[in-house]
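Asks: Structure file data.csv (CSV, C-alpha atoms) right here:
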```
chain,number,residue,atom,x,y,z
M,1,MET,CA,113.1,86.6,93.3
M,2,TYR,CA,109.7,86.7,91.8
M,3,LEU,CA,106.7,84.6,92.8
M,4,TYR,CA,103.5,84.4,90.9
M,5,LEU,CA,100.0,83.6,92.1
M,6,LYS,CA,97.0,82.4,90.1
M,7,ASN,CA,93.4,81.7,91.1
M,8,THR,CA,92.4,78.4,89.6
M,9,ASN,CA,88.8,79.6,89.3
M,10,THR,CA,90.0,82.2,86.8
M,11,ILE,CA,90.0,80.7,83.4
M,12,LEU,CA,93.2,81.0,81.4
M,13,ASP,CA,93.6,79.0,78.2
M,14,ASP,CA,96.8,77.0,77.6
M,15,ALA,CA,97.9,79.2,74.7
M,16,THR,CA,97.7,82.4,76.8
M,17,THR,CA,99.5,80.7,79.7
M,18,ILE,CA,102.3,79.6,77.4
M,19,LYS,CA,102.6,83.0,76.0
M,20,ILE,CA,102.7,84.6,79.4
M,21,VAL,CA,105.4,82.3,80.6
M,22,ALA,CA,107.4,82.9,77.4
M,23,GLU,CA,107.2,86.6,77.9
M,24,LEU,CA,108.3,86.4,81.5
M,25,THR,CA,111.2,84.1,80.5
M,26,LYS,CA,112.3,86.4,77.7
M,27,ASN,CA,112.5,89.2,80.3
M,28,HIS,CA,114.3,87.0,82.9
M,29,ILE,CA,111.5,87.3,85.4
M,30,ALA,CA,110.0,83.8,85.1
M,31,ALA,CA,109.4,82.0,88.4
M,32,GLU,CA,107.2,79.6,90.2
M,33,ILE,CA,103.4,80.1,89.8
M,34,LYS,CA,101.5,79.0,92.9
M,35,SER,CA,97.8,78.3,92.5
M,36,PHE,CA,95.0,78.9,95.0
M,37,GLU,CA,91.3,78.0,94.9
M,38,SER,CA,90.0,80.1,97.7
M,39,GLU,CA,90.9,83.0,100.0
M,40,ALA,CA,91.8,80.5,102.7
M,41,GLU,CA,94.3,78.8,100.4
M,42,LEU,CA,95.7,82.2,99.4
M,43,ILE,CA,96.2,83.1,103.1
M,44,SER,CA,98.0,79.8,103.6
M,45,ILE,CA,100.4,80.6,100.7
M,46,LEU,CA,101.0,84.2,101.9
M,47,THR,CA,101.9,83.2,105.4
M,48,THR,CA,104.8,81.1,104.0
M,49,ILE,CA,106.4,83.9,101.9
M,50,SER,CA,109.4,85.6,103.3
M,51,LYS,CA,111.3,88.6,102.0
M,52,SER,CA,114.5,86.6,102.0
M,53,SER,CA,113.2,84.5,99.1
M,54,THR,CA,110.7,86.8,97.4
M,55,ASN,CA,111.0,90.5,96.6
M,56,THR,CA,108.2,90.7,94.1
M,57,LEU,CA,104.8,89.0,94.4
M,58,VAL,CA,102.6,89.1,91.2
M,59,MET,CA,99.0,88.1,90.8
M,60,ILE,CA,98.2,86.7,87.3
M,61,GLY,CA,94.5,87.0,86.7
M,62,ASN,CA,91.7,89.5,86.6
M,63,LYS,CA,90.9,92.6,88.7
M,64,GLN,CA,88.9,90.5,91.3
M,65,ASP,CA,92.0,88.3,91.8
M,66,PHE,CA,94.2,91.3,92.4
M,67,GLU,CA,91.6,92.7,94.9
M,68,THR,CA,91.6,89.3,96.7
M,69,LEU,CA,95.4,89.6,97.1
M,70,ILE,CA,95.2,93.2,98.3
M,71,GLY,CA,92.5,92.0,100.8
M,72,GLN,CA,95.2,89.9,102.5
M,73,VAL,CA,98.2,92.2,101.9
M,74,GLY,CA,98.6,92.5,105.7
M,75,LEU,CA,100.2,89.1,105.6
M,76,VAL,CA,102.8,90.2,103.1
M,77,ASP,CA,106.0,91.8,104.3
M,78,SER,CA,106.0,95.5,103.5
M,79,ASP,CA,109.3,95.2,101.6
M,80,ILE,CA,107.9,92.8,99.1
M,81,ALA,CA,106.6,94.6,95.9
M,82,ILE,CA,103.1,93.7,94.7
M,83,GLY,CA,102.4,93.4,91.0
M,84,PHE,CA,99.5,92.5,88.8
M,85,LEU,CA,99.4,90.9,85.4
M,86,ASP,CA,96.0,91.6,84.0
M,87,ILE,CA,95.0,88.8,81.7
M,88,ASN,CA,92.2,90.9,80.3
M,89,LYS,CA,94.9,92.9,78.6
M,90,PHE,CA,95.7,89.8,76.7
M,91,LYS,CA,92.3,89.3,75.3
M,92,ASN,CA,93.4,90.0,71.7
M,93,GLY,CA,95.0,86.7,71.8
M,94,PRO,CA,98.5,85.4,72.3
M,95,LYS,CA,99.7,86.5,68.8
M,96,ILE,CA,99.1,90.1,69.5
M,97,ILE,CA,101.2,91.8,72.2
M,98,SER,CA,99.3,94.9,73.1
M,99,HIS,CA,100.9,98.1,74.3
M,100,ASP,CA,99.2,97.6,77.7
M,101,TRP,CA,100.6,94.2,78.0
M,102,GLN,CA,104.1,95.4,77.1
M,103,GLN,CA,103.8,98.1,79.7
M,104,GLN,CA,102.9,95.6,82.3
M,105,ILE,CA,105.8,93.3,81.6
M,106,GLU,CA,108.2,96.3,81.4
M,107,ALA,CA,106.9,97.5,84.8
M,108,LEU,CA,107.5,94.1,86.3
M,109,THR,CA,110.9,93.8,84.8
M,110,HIS,CA,112.1,97.1,86.0
M,111,ARG,CA,110.2,96.9,89.3
M,112,ARG,CA,108.9,100.5,89.1
M,113,ILE,CA,107.5,101.0,92.6
M,114,LYS,CA,104.8,103.2,93.8
M,115,GLU,CA,104.1,103.4,97.5
M,116,THR,CA,100.4,103.4,98.2
M,117,THR,CA,98.4,103.5,101.4
M,118,VAL,CA,95.8,100.8,101.8
M,119,TYR,CA,92.4,101.1,103.5
M,120,SER,CA,91.1,98.6,105.9
M,121,ILE,CA,87.7,97.0,105.9
M,122,GLY,CA,87.3,94.7,108.9
M,123,SER,CA,90.3,92.4,108.8
M,124,ARG,CA,90.9,92.9,105.1
M,125,TYR,CA,92.3,95.7,103.0
M,126,PHE,CA,91.3,97.5,99.8
M,127,LEU,CA,92.9,100.0,97.4
M,128,ASP,CA,90.3,101.9,95.4
M,129,ASN,CA,86.8,100.9,96.3
M,130,ILE,CA,84.7,98.2,97.8
M,131,SER,CA,81.0,97.7,98.1
M,132,LEU,CA,78.9,95.9,100.7
M,133,THR,CA,75.5,94.2,100.4
M,134,PHE,CA,73.3,93.0,103.2
M,135,GLY,CA,71.2,89.9,103.4
M,136,ALA,CA,67.6,89.5,104.5
M,137,SER,CA,66.8,88.9,108.1
M,138,SER,CA,63.7,87.7,109.9
M,139,LYS,CA,64.0,90.6,112.3
M,140,PRO,CA,65.6,93.3,110.2
M,141,LYS,CA,67.1,96.3,112.0
M,142,PRO,CA,68.4,99.4,110.3
M,143,ILE,CA,72.0,99.3,109.3
M,144,LEU,CA,73.9,101.7,111.5
M,145,VAL,CA,76.9,103.6,110.0
M,146,THR,CA,78.9,105.7,112.4
M,147,VAL,CA,81.1,108.3,110.7
M,148,ASP,CA,84.2,109.5,112.5
M,149,LYS,CA,82.6,108.7,115.8
M,150,VAL,CA,80.4,111.8,115.6
M,151,LEU,CA,77.7,111.0,113.1
M,152,ASP,CA,75.2,108.1,113.2
M,153,ILE,CA,73.2,107.2,110.1
M,154,HIS,CA,70.4,104.7,110.1
M,155,LEU,CA,69.9,103.0,106.8
M,156,PRO,CA,67.5,100.4,105.4
M,157,ILE,CA,68.9,97.3,103.7
M,158,CYS,CA,70.9,98.8,100.9
M,159,GLN,CA,74.2,98.7,99.1
M,160,LEU,CA,77.2,100.6,100.5
M,161,GLU,CA,80.1,101.7,98.4
M,162,PHE,CA,83.3,103.0,100.0
M,163,GLN,CA,85.7,104.8,97.7
M,164,ASN,CA,89.2,106.0,98.2
M,165,ASN,CA,89.0,109.7,97.7
M,166,THR,CA,92.6,110.8,98.2
M,167,LEU,CA,92.6,112.8,94.9
M,168,ASP,CA,89.9,115.0,96.2
M,169,SER,CA,90.5,118.1,98.3
M,170,PHE,CA,89.4,116.3,101.4
M,171,GLN,CA,92.3,113.8,101.2
M,172,GLY,CA,93.8,114.9,104.4
M,173,THR,CA,90.8,114.7,106.7
M,174,LYS,CA,88.0,112.7,105.0
M,175,PRO,CA,89.6,110.4,102.4
M,176,ILE,CA,86.8,107.9,102.1
M,177,HIS,CA,83.6,108.6,100.3
M,178,LEU,CA,80.5,106.6,101.2
M,179,SER,CA,77.5,106.2,99.0
M,180,ALA,CA,74.4,104.2,100.0
M,181,THR,CA,72.1,103.0,97.2
M,182,ALA,CA,68.7,101.4,97.6
M,183,VAL,CA,68.1,97.9,96.3
M,184,SER,CA,64.8,96.6,95.2
M,185,ASP,CA,65.4,93.2,96.8
M,186,ASN,CA,67.8,91.6,99.2
M,187,LYS,CA,69.6,89.3,96.7
M,188,PRO,CA,73.3,89.5,97.2
M,189,HIS,CA,75.1,91.7,94.7
M,190,GLN,CA,77.0,89.7,92.1
M,191,SER,CA,79.8,91.7,90.6
M,192,ASN,CA,79.1,90.2,87.1
M,193,ASP,CA,75.3,90.3,87.3
M,194,LEU,CA,74.9,93.0,84.6
M,195,LEU,CA,72.2,91.0,82.7
M,196,GLY,CA,70.2,90.3,85.9
M,197,GLY,CA,70.3,94.0,86.8
M,198,LEU,CA,69.2,95.0,83.3
M,199,ILE,CA,66.3,92.6,83.3
M,200,ARG,CA,65.2,93.8,86.7
M,201,ARG,CA,65.3,97.4,85.6
M,202,ILE,CA,63.3,96.7,82.4
M,203,SER,CA,60.7,94.6,84.1
M,204,SER,CA,60.3,96.9,87.1
M,205,PRO,CA,61.0,100.4,85.9
M,206,ASN,CA,59.8,102.0,89.1
M,207,THR,CA,61.9,100.0,91.5
M,208,ASN,CA,64.3,101.7,93.9
M,209,VAL,CA,67.4,100.1,92.2
M,210,ASN,CA,70.2,102.6,92.2
M,211,LYS,CA,68.2,105.3,94.1
M,212,GLN,CA,70.8,107.1,96.2
M,213,LEU,CA,70.1,107.2,99.9
M,214,THR,CA,73.1,109.0,101.2
M,215,SER,CA,76.5,110.3,100.3
M,216,LEU,CA,79.2,111.6,102.6
M,217,TYR,CA,82.8,111.7,103.4
M,218,GLY,CA,84.8,110.5,106.4
M,219,LYS,CA,88.0,109.0,107.7
M,220,LEU,CA,86.6,106.2,109.8
M,221,TYR,CA,83.4,104.3,109.5
M,222,LEU,CA,81.8,101.7,111.8
M,223,VAL,CA,79.2,99.5,110.1
M,224,GLU,CA,76.8,97.5,112.2
M,225,ALA,CA,74.0,95.3,111.0
M,226,ASN,CA,72.3,92.1,112.1
M,227,THR,CA,72.2,90.5,108.7
M,228,ARG,CA,74.8,88.7,106.6
M,229,ILE,CA,77.2,91.2,105.1
M,230,THR,CA,79.2,90.4,101.9
M,231,ASP,CA,81.4,92.5,99.6
M,232,ASN,CA,81.6,92.7,95.9
M,233,LEU,CA,84.0,89.6,95.9
M,234,ASN,CA,81.4,87.7,98.0
M,235,ARG,CA,83.6,87.7,101.1
M,236,GLU,CA,81.7,87.7,104.3
M,237,TYR,CA,82.2,90.1,107.3
M,238,LYS,CA,81.2,90.2,110.9
M,239,ASN,CA,78.1,92.1,112.1
M,240,SER,CA,80.2,95.0,113.2
M,241,PHE,CA,83.5,96.3,111.7
M,242,TYR,CA,85.5,99.3,110.9
M,243,ILE,CA,86.5,100.8,107.5
M,244,GLY,CA,89.2,103.4,107.5
M,245,LYS,CA,92.5,104.7,106.2
M,246,THR,CA,95.5,102.9,107.6
M,247,SER,CA,99.1,103.8,108.1
M,248,LYS,CA,100.1,100.6,106.2
M,249,LYS,CA,101.9,101.3,102.9
M,250,ILE,CA,102.5,98.8,100.2
M,251,ARG,CA,104.9,98.8,97.3
M,252,LEU,CA,102.9,98.5,94.1
M,253,ILE,CA,104.5,97.7,90.8
M,254,SER,CA,103.4,100.6,88.6
M,255,LYS,CA,103.8,101.6,85.0
M,256,LYS,CA,105.9,104.5,86.3
M,257,ALA,CA,107.3,105.1,89.7
M,258,SER,CA,106.0,107.9,91.7
M,259,LYS,CA,106.4,109.1,95.2
M,260,GLN,CA,103.5,108.9,97.7
M,261,ASP,CA,101.1,111.8,97.2
M,262,GLU,CA,99.8,112.0,100.7
K,263,MET,CA,80.5,118.6,93.9
K,264,PHE,CA,76.8,119.2,93.1
K,265,ALA,CA,75.6,120.4,89.8
K,266,LYS,CA,73.2,123.2,90.2
K,267,SER,CA,69.8,123.6,88.6
K,268,GLN,CA,68.8,126.8,86.9
K,269,LYS,CA,67.1,127.8,90.2
K,270,GLY,CA,70.4,127.3,91.9
K,271,HIS,CA,69.0,124.6,94.3
K,272,ILE,CA,71.1,121.6,94.8
K,273,SER,CA,68.0,119.5,95.3
K,274,GLU,CA,67.4,119.4,91.5
K,275,LEU,CA,69.8,116.6,91.0
K,276,VAL,CA,69.5,112.9,90.8
K,277,ALA,CA,72.9,111.9,92.1
K,278,TYR,CA,75.0,113.5,94.7
K,279,SER,CA,78.7,113.3,95.4
K,280,GLY,CA,78.8,115.7,98.3
K,281,PHE,CA,77.1,115.4,101.7
K,282,TYR,CA,73.6,114.1,101.2
K,283,ILE,CA,71.1,112.4,103.4
K,284,GLY,CA,68.0,111.3,101.5
K,285,PRO,CA,64.3,111.0,102.4
K,286,GLU,CA,63.4,108.5,105.1
K,287,ILE,CA,67.0,108.3,106.2
K,288,GLN,CA,67.6,109.2,109.8
K,289,ALA,CA,70.9,110.6,111.1
K,290,ASN,CA,72.2,112.3,114.2
K,291,GLY,CA,75.5,113.9,115.2
K,292,GLN,CA,77.9,116.4,113.7
K,293,ILE,CA,78.6,117.2,110.1
K,294,ASN,CA,81.7,119.4,109.8
K,295,THR,CA,82.8,120.0,106.2
K,296,ASP,CA,83.7,122.4,103.4
K,297,GLU,CA,81.2,120.9,101.1
K,298,ASP,CA,77.5,121.7,100.3
K,299,VAL,CA,75.2,119.7,102.5
K,300,TYR,CA,71.8,118.5,101.4
K,301,ILE,CA,69.5,117.0,104.0
K,302,ASP,CA,66.2,115.5,102.8
K,303,GLY,CA,65.7,113.1,105.7
K,304,LYS,CA,65.6,113.4,109.5
K,305,PHE,CA,68.7,114.9,111.1
K,306,THR,CA,69.4,116.0,114.6
K,307,GLY,CA,72.6,117.6,115.5
K,308,GLU,CA,75.0,120.2,114.2
K,309,ILE,CA,76.0,121.2,110.7
K,310,SER,CA,79.0,123.4,110.1
K,311,THR,CA,80.2,124.1,106.6
K,312,GLU,CA,81.7,126.8,104.4
K,313,GLY,CA,79.2,125.8,101.7
K,314,VAL,CA,75.5,125.8,101.2
K,315,VAL,CA,73.1,123.9,103.4
K,316,GLU,CA,69.8,122.9,101.9
K,317,LEU,CA,67.1,121.3,103.9
K,318,GLY,CA,64.8,119.7,101.3
K,319,LYS,CA,61.0,119.4,101.4
K,320,ASN,CA,61.1,116.1,103.3
K,321,ALA,CA,63.7,117.3,105.8
K,322,ILE,CA,63.0,117.3,109.5
K,323,PHE,CA,65.9,119.1,111.2
K,324,GLY,CA,66.7,119.8,114.8
K,325,GLY,CA,69.9,121.5,115.9
K,326,THR,CA,72.2,124.2,114.7
K,327,ILE,CA,73.5,125.2,111.3
K,328,LYS,CA,76.5,127.4,110.5
K,329,ALA,CA,77.0,127.8,106.8
K,330,ARG,CA,77.7,130.3,104.0
K,331,SER,CA,74.1,130.1,102.9
K,332,VAL,CA,71.0,128.1,104.0
K,333,ILE,CA,67.9,127.2,102.0
K,334,LEU,CA,65.0,125.8,104.1
K,335,GLU,CA,62.2,123.9,102.3
K,336,GLY,CA,61.4,121.5,105.1
K,337,GLN,CA,60.9,121.6,108.8
K,338,ALA,CA,63.5,122.9,111.2
K,339,LYS,CA,63.7,123.5,114.9
K,340,ALA,CA,67.0,125.2,114.8
K,341,GLU,CA,69.4,128.0,115.3
K,342,ILE,CA,70.6,129.0,111.9
K,343,SER,CA,73.5,131.2,111.2
K,344,ALA,CA,74.8,132.0,107.7
K,345,THR,CA,77.4,134.5,106.5
K,346,GLU,CA,75.7,135.3,103.3
K,347,SER,CA,72.0,134.4,103.1
K,348,ILE,CA,69.1,132.4,104.5
K,349,VAL,CA,66.1,131.6,102.3
K,350,ILE,CA,63.0,130.2,103.8
K,351,ALA,CA,60.9,128.8,101.1
K,352,GLY,CA,57.1,128.9,101.1
K,353,CYS,CA,56.9,125.3,102.2
K,354,GLY,CA,59.5,125.8,104.9
K,355,GLN,CA,58.9,125.9,108.6
K,356,LEU,CA,61.3,127.4,111.1
K,357,ILE,CA,61.1,127.4,114.9
K,358,GLY,CA,64.1,128.9,116.5
K,359,SER,CA,66.4,131.7,115.2
K,360,ALA,CA,68.0,132.8,112.0
K,361,GLN,CA,70.9,135.2,111.6
K,362,SER,CA,72.5,136.3,108.3
K,363,LYS,CA,73.4,139.2,106.1
K,364,ASN,CA,70.4,138.6,103.9
K,365,ILE,CA,67.2,136.7,105.0
K,366,SER,CA,64.3,136.1,102.6
K,367,VAL,CA,61.0,134.5,103.6
K,368,ASP,CA,58.7,133.3,100.8
K,369,SER,CA,55.0,133.6,101.1
K,370,GLY,CA,53.5,130.6,102.9
K,371,ALA,CA,56.5,129.9,105.1
K,372,LEU,CA,55.8,129.2,108.8
K,373,LEU,CA,57.9,131.1,111.2
K,374,LYS,CA,58.2,131.1,114.9
K,375,ALA,CA,61.7,132.5,115.1
K,376,ASP,CA,63.9,135.4,115.9
K,377,LEU,CA,65.3,136.8,112.7
K,378,THR,CA,68.4,139.0,112.6
K,379,ALA,CA,69.4,140.3,109.2
K,380,GLY,CA,72.0,142.7,108.0
K,381,SER,CA,75.8,143.0,108.4
K,382,SER,CA,77.0,143.4,112.0
```
Using C-alpha cells, write down the structure that the file contains.
Replies:
Amino acid sequence: MYLYLKNTNTILDDATTIKIVAELTKNHIAAEIKSFESEAELISILTTISKSSTNTLVMIGNKQDFETLIGQVGLVDSDIAIGFLDINKFKNGPKIISHDWQQQIEALTHRRIKETTVYSIGSRYFLDNISLTFGASSKPKPILVTVDKVLDIHLPICQLEFQNNTLDSFQGTKPIHLSATAVSDNKPHQSNDLLGGLIRRISSPNTNVNKQLTSLYGKLYLVEANTRITDNLNREYKNSFYIGKTSKKIRLISKKASKQDE
Amino acid sequence: MFAKSQKGHISELVAYSGFYIGPEIQANGQINTDEDVYIDGKFTGEISTEGVVELGKNAIFGGTIKARSVILEGQAKAEISATESIVIAGCGQLIGSAQSKNISVDSGALLKADLTAGSS
C-alpha cells in the first residue's frame, strides 16, 4: 500500500522515470505516483490519504521536496511510514545502479522504520535544520527572538538557522541550536544562489556576509519581526511564531531500523 | 565547543557553536547552561554556567554571573562569582563585586568593586 509523490517543478527525465518505475516494479512496490505543483496542492493530497489505503508514503525528488513533505507531515497519520527516493543518487544515469540507490530501494522494500521526533516551526515541521530570512521594511524594527521564555535577543535583519541538536550533550534540555548570521543586503536567501553569493563576496570582500551575530541553544524559540519572513524553501511565515521540539513522532524509512535515541 | 587560542581566550575565534552574543547585539534575561559563554554585545540579566564566561571588549554587561571562570575585557556592572578564577583584563571595567578562588587584575583595569579571593 505504497503511494508516491512527485513535485512537477523538479525535473526528472523520462529515462530516469522509467528506470525508477522499473526498479519499484521489480521489487513489488510500484504504486500510483501523485504529482503536485505547490505546497497547497501537496496539502490537498495529504488530507485525502488514509492509513487504511496507504501504509507507506514516498517522496520521489530532491532534498527540498522531501523537506516540503516533512513540513506538512502533521497532516499524515502517524502510522504511515514516510520514505524518500533521492533522485540525485540517480545522477550517474539510469544504466548505473549505485549502491546508494540500491540501499534506498531495499529500505523501501523492507520498510525499515526509524522513529524520529519532528520539530515545529510555525504551523510546519522540520527534521534537521531550517533557515529564515527577513525582508526589507520601510520601518524596520529589530527581530526579537525569545529563548525558552527567559532570554530576549534583539537582532538586526539577518539570517537565522535552527538546527536539530539532539546528538549533542544538550539533547534533553536544549535540543535546538540557533545561529544568526549577518547579511549584506535584504535580498531573500535562495537555497541555490551559490554563484550569486560568490559574486557578492568577491566584489565586496568587506561585507558582513556570514558574520556571525549570535549562537545559542534552546528548546523553544519565539520569533517576532515586522518584515516578511521566508525559509530556505521560500515558504512564508507570520510575523510571530514558535520554533520548538514537539512530541510528534514520525516513522521514517531508513537504511537500517533503529530505535528512538531520545 | 569553542576552539581556544594560544592565549586561552575564546574570543580569538571567528565562528562559535556555543553561547555567543556578538557586538551590537542586545539581549536580556537568563542564560543557564553547561557551555562556555561569550558576550561581546549588550547583556542584562543572569548567567549561570559550569563553563567559562568571557565578556569581550565590546561587552556591556549588567547583572550576575556564576561560572567556573570569568574573563572580563569589557564593561560590567555585576556581581561575579567563579569557582576557579576571575581575570579582569587591562581594558576591563567592573563595578560591583567579584568572588573567586583566584582573582587577577591586569594593569589598566578600572575597578569599583568588592573583591573576595581565596578558598572559603
Asks: Quick one: contact table of chain M to chain K, 8 Å max, nearest atom pair and distance in Å to one decimal per residue, counting only C-alpha atoms, chain and number order, as a tab-separated table?
Replies:
```
residue	atom	partner	partner_atom	distance
M:Val150	CA	K:Gly291	CA	5.3
M:Leu151	CA	K:Gly291	CA	4.2
M:Asp152	CA	K:Asn290	CA	5.3
M:Ile153	CA	K:Ala289	CA	4.2
M:His154	CA	K:Gln288	CA	5.3
M:Leu155	CA	K:Ile287	CA	6.1
M:Pro156	CA	K:Ile287	CA	8.0
M:Gln212	CA	K:Ala277	CA	6.7
M:Leu213	CA	K:Gly284	CA	4.9
M:Thr214	CA	K:Ile283	CA	4.5
M:Ser215	CA	K:Tyr282	CA	4.9
M:Leu216	CA	K:Phe281	CA	4.4
M:Tyr217	CA	K:Phe281	CA	7.0
```
Asks: I want to know what sits within 9 Å of Arg111 in chain M, based on all atoms listed in the file, with residues of the same chain fewer than 6 positions away left out; could you give that as a count of residues only?
Replies: 7
Asks: Go ahead and compute the interatomic distance for CA of Ile49 in chain M and CA of Lys114 in chain M, in Å to one decimal.
Replies: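 The value is 21.0 Å.
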Asks: Could you jot down the CA of Ile11 in chain M to CA of Ile33 in chain M separation for me, Å, one decimal place?
Replies: 14.9 Å
Asks: Would you work out the distance separating CA of Asp86 in chain M from CA of Gln72 in chain M, expressed in Å to one decimal?
Replies: 18.6 Å
Asks: Any idea what's packed within 6 Å of Lys339 in chain K, counting only C-alpha atoms, ignoring anything in its chain fewer than 3 positions away? Could you give it as a PyMOL selection string?
Replies: chain K and resi 324+356-358
Asks: Return the single residue from M:His177, M:Asp77, M:Leu12, M:Tyr2 that is closest to Asn55 in chain M, with distances computed using only C-alpha atoms.
Replies: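 Using only C-alpha atoms, the shortest distance to Asn55 in chain M belongs to M:Tyr2.
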Asks: Residues near range 374-377 of chain K, anyone? I mean within 9 Å using only C-alpha atoms, not counting same-chain ones fewer than 5 positions away, as an NGL selection string.
Replies: :K and (341 or 355-362 or 365)
Asks: Mind writing the picked residues with C-alpha atoms as a compact mmCIF listing (two decimals), in the frame of the given file?
Replies:
```txt
# COMPACT_ATOMS: atom_id res chain seq x y z
CA GLU K 341 69.40 128.00 115.30
CA GLN K 355 58.90 125.90 108.60
CA LEU K 356 61.30 127.40 111.10
CA ILE K 357 61.10 127.40 114.90
CA GLY K 358 64.10 128.90 116.50
CA SER K 359 66.40 131.70 115.20
CA ALA K 360 68.00 132.80 112.00
CA GLN K 361 70.90 135.20 111.60
CA SER K 362 72.50 136.30 108.30
CA ILE K 365 67.20 136.70 105.00
```
Asks: Between M:Ile80, M:Leu132, M:Ile45, M:Cys158, which has the minimum distance to Thr230 in chain M (counting all atoms listed in the file)?
Replies: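 Ranking M:Ile80, M:Leu132, M:Ile45, M:Cys158 by distance to Thr230 in chain M, first place goes to M:Leu132.
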